[in-house]
Amino acid sequence: HAAMAHYYDSQSHVLNSSIFRWDAGAGGFVEHQAVPTVGAWGMAALELGGAWYLAVASFFDGTRRELNSTVLRWDVGADAFVPFQLLETVGAMDVEAVVAHGSAILIFTGSRDSRWGGADAAESRLFRWTGDRFELFQTIATPVCYDAEAFAESD
C-alpha cells in the first residue's frame, strides 16, 4: 500500500487523503480508500504486534494549528484503515515512526504557533506505544521543525 496526504485544494483543508494498493493486473498502484483528514501534511505507517497503523500529521485547518492528528488501524475484515486514536498536536507537518527494541514512538514535528512566543518557537511531540494505544511521552522544543527522520547506529 501507499498513502498520500492531501492538505489543501484552494477551497478547503478538510479533504480525503488517499490510500493506494498495488494492482499487478493494472501494472501499478490504484486507489483503494479515501480517508477523511483535516490539513493532512504527512503520514507514517508502522506495524505493531501484527497490526498495521497509519499516523496522519494534521498541520492547519485554515484557522488554527491546534489540531488532533489521527492514527488509523488496518481492519482486515473491512480491508481498510479505520479510526483508532486522536493525538493532540500543534502544527504537525511531519510524523515519523520509530520502532526499535520492542517499543514504538511516533514523532510529530511542530511548526509555528503564536502561543509559544517568537516566530521561530515550536515544539515536537513524541507519543509512545503502551501496548494498546499511544500516550504523550515527551515534548521537545524544535524551532520551526518541518521534518523528522529516524536512524540507528550500529555497534
# chains A, B, ... in the order shown; residues from 1 in each chain; ligands from 1
call {"tool": "residues_around", "arguments": {"residues": "segment 42-55 of chain A", "least_positions_apart": "5", "cutoff": "10 Å", "atoms": "only C-alpha atoms", "output": "count of residues only"}}
result
44
call {"tool": "closest_residue", "arguments": {"among": "A:Val14, A:Leu67, A:Ile140, A:Ala24", "to": "Glu123 of chain A", "atoms": "only C-alpha atoms"}}
result
A:Ile140
call {"tool": "closest_residue", "arguments": {"among": "A:Asn68, A:Ala100, A:Ser18, A:Gly77", "to": "Phe151 of chain A", "atoms": "only C-alpha atoms"}}
result
A:Ala100
call {"tool": "atom_distance", "arguments": {"atom1": "atom CA of Gly39 of chain A", "atom2": "atom CA of Phe137 of chain A"}}
result
23.9 Å
call {"tool": "select_by_dssp", "arguments": {"residues": "chain A", "states": "strand (DSSP E or B)", "output": "NGL selection string"}}
result
:A and (2-4 or 14-23 or 28-38 or 40-48 or 51-58 or 66-75 or 80-90 or 95-100 or 103-108 or 123-129 or 134-141)
call {"tool": "closest_residue", "arguments": {"among": "A:His101, A:Pro143, A:Thr63, A:Val56", "to": "Thr89 of chain A", "atoms": "only C-alpha atoms"}}
result
A:Val56
call {"tool": "atom_distance", "arguments": {"atom1": "atom CA of Gly27 of chain A", "atom2": "atom CA of Ala78 of chain A"}}
result
24.2 Å
call {"tool": "atom_distance", "arguments": {"atom1": "atom CA of Ala80 of chain A", "atom2": "atom CA of Gln33 of chain A"}}
result
6.9 Å
call {"tool": "closest_residue", "arguments": {"among": "A:Phe60, A:Ala122, A:Glu88, A:Arg65", "to": "Leu136 of chain A", "atoms": "only C-alpha atoms"}}
result
A:Glu88
call {"tool": "decode", "arguments": {"residues": "segment 133-151 of chain A", "atoms": "N, CA and C atoms", "output": "PDB file, in the first residue's frame"}}
result
ATOM      1  N   ARG A 133      -2.316   1.583  22.957  1.00  0.00           N
ATOM      2  CA  ARG A 133      -2.565   2.943  22.490  1.00  0.00           C
ATOM      3  C   ARG A 133      -1.277   3.748  22.569  1.00  0.00           C
ATOM      4  N   PHE A 134      -1.298   4.961  21.984  1.00  0.00           N
ATOM      5  CA  PHE A 134      -0.163   5.880  22.069  1.00  0.00           C
ATOM      6  C   PHE A 134      -0.438   6.907  23.160  1.00  0.00           C
ATOM      7  N   GLU A 135       0.583   7.209  23.965  1.00  0.00           N
ATOM      8  CA  GLU A 135       0.471   8.224  25.007  1.00  0.00           C
ATOM      9  C   GLU A 135       1.611   9.211  24.870  1.00  0.00           C
ATOM     10  N   LEU A 136       1.327  10.480  25.206  1.00  0.00           N
ATOM     11  CA  LEU A 136       2.352  11.505  25.153  1.00  0.00           C
ATOM     12  C   LEU A 136       3.514  11.096  26.051  1.00  0.00           C
ATOM     13  N   PHE A 137       4.695  11.098  25.486  1.00  0.00           N
ATOM     14  CA  PHE A 137       5.899  10.642  26.167  1.00  0.00           C
ATOM     15  C   PHE A 137       6.851  11.802  26.429  1.00  0.00           C
ATOM     16  N   GLN A 138       6.983  12.714  25.466  1.00  0.00           N
ATOM     17  CA  GLN A 138       7.956  13.790  25.589  1.00  0.00           C
ATOM     18  C   GLN A 138       7.608  14.919  24.631  1.00  0.00           C
ATOM     19  N   THR A 139       7.915  16.146  25.029  1.00  0.00           N
ATOM     20  CA  THR A 139       7.859  17.281  24.125  1.00  0.00           C
ATOM     21  C   THR A 139       9.269  17.851  24.023  1.00  0.00           C
ATOM     22  N   ILE A 140       9.629  18.278  22.821  1.00  0.00           N
ATOM     23  CA  ILE A 140      10.966  18.816  22.567  1.00  0.00           C
ATOM     24  C   ILE A 140      10.812  20.159  21.866  1.00  0.00           C
ATOM     25  N   ALA A 141      11.496  21.180  22.383  1.00  0.00           N
ATOM     26  CA  ALA A 141      11.496  22.480  21.710  1.00  0.00           C
ATOM     27  C   ALA A 141      12.216  22.325  20.377  1.00  0.00           C
ATOM     28  N   THR A 142      11.515  22.639  19.303  1.00  0.00           N
ATOM     29  CA  THR A 142      12.082  22.488  17.956  1.00  0.00           C
ATOM     30  C   THR A 142      11.664  23.684  17.115  1.00  0.00           C
ATOM     31  N   PRO A 143      12.523  24.693  17.016  1.00  0.00           N
ATOM     32  CA  PRO A 143      12.164  25.884  16.236  1.00  0.00           C
ATOM     33  C   PRO A 143      11.803  25.543  14.788  1.00  0.00           C
ATOM     34  N   VAL A 144      10.576  25.824  14.429  1.00  0.00           N
ATOM     35  CA  VAL A 144      10.055  25.645  13.077  1.00  0.00           C
ATOM     36  C   VAL A 144      10.524  24.325  12.459  1.00  0.00           C
ATOM     37  N   CYS A 145      10.084  23.235  13.029  1.00  0.00           N
ATOM     38  CA  CYS A 145      10.516  21.906  12.589  1.00  0.00           C
ATOM     39  C   CYS A 145       9.566  21.374  11.517  1.00  0.00           C
ATOM     40  N   TYR A 146      10.110  21.089  10.345  1.00  0.00           N
ATOM     41  CA  TYR A 146       9.301  20.632   9.221  1.00  0.00           C
ATOM     42  C   TYR A 146       9.393  19.130   8.977  1.00  0.00           C
ATOM     43  N   ASP A 147      10.436  18.484   9.476  1.00  0.00           N
ATOM     44  CA  ASP A 147      10.661  17.085   9.115  1.00  0.00           C
ATOM     45  C   ASP A 147      11.395  16.380  10.243  1.00  0.00           C
ATOM     46  N   ALA A 148      11.143  15.099  10.394  1.00  0.00           N
ATOM     47  CA  ALA A 148      11.880  14.261  11.332  1.00  0.00           C
ATOM     48  C   ALA A 148      12.232  12.954  10.623  1.00  0.00           C
ATOM     49  N   GLU A 149      13.379  12.417  10.923  1.00  0.00           N
ATOM     50  CA  GLU A 149      13.804  11.135  10.365  1.00  0.00           C
ATOM     51  C   GLU A 149      14.377  10.278  11.480  1.00  0.00           C
ATOM     52  N   ALA A 150      14.153   9.012  11.402  1.00  0.00           N
ATOM     53  CA  ALA A 150      14.698   8.074  12.379  1.00  0.00           C
ATOM     54  C   ALA A 150      15.922   7.386  11.787  1.00  0.00           C
ATOM     55  N   PHE A 151      16.867   7.069  12.636  1.00  0.00           N
ATOM     56  CA  PHE A 151      18.049   6.313  12.214  1.00  0.00           C
ATOM     57  C   PHE A 151      18.594   5.570  13.418  1.00  0.00           C
TER      58      PHE A 151
END
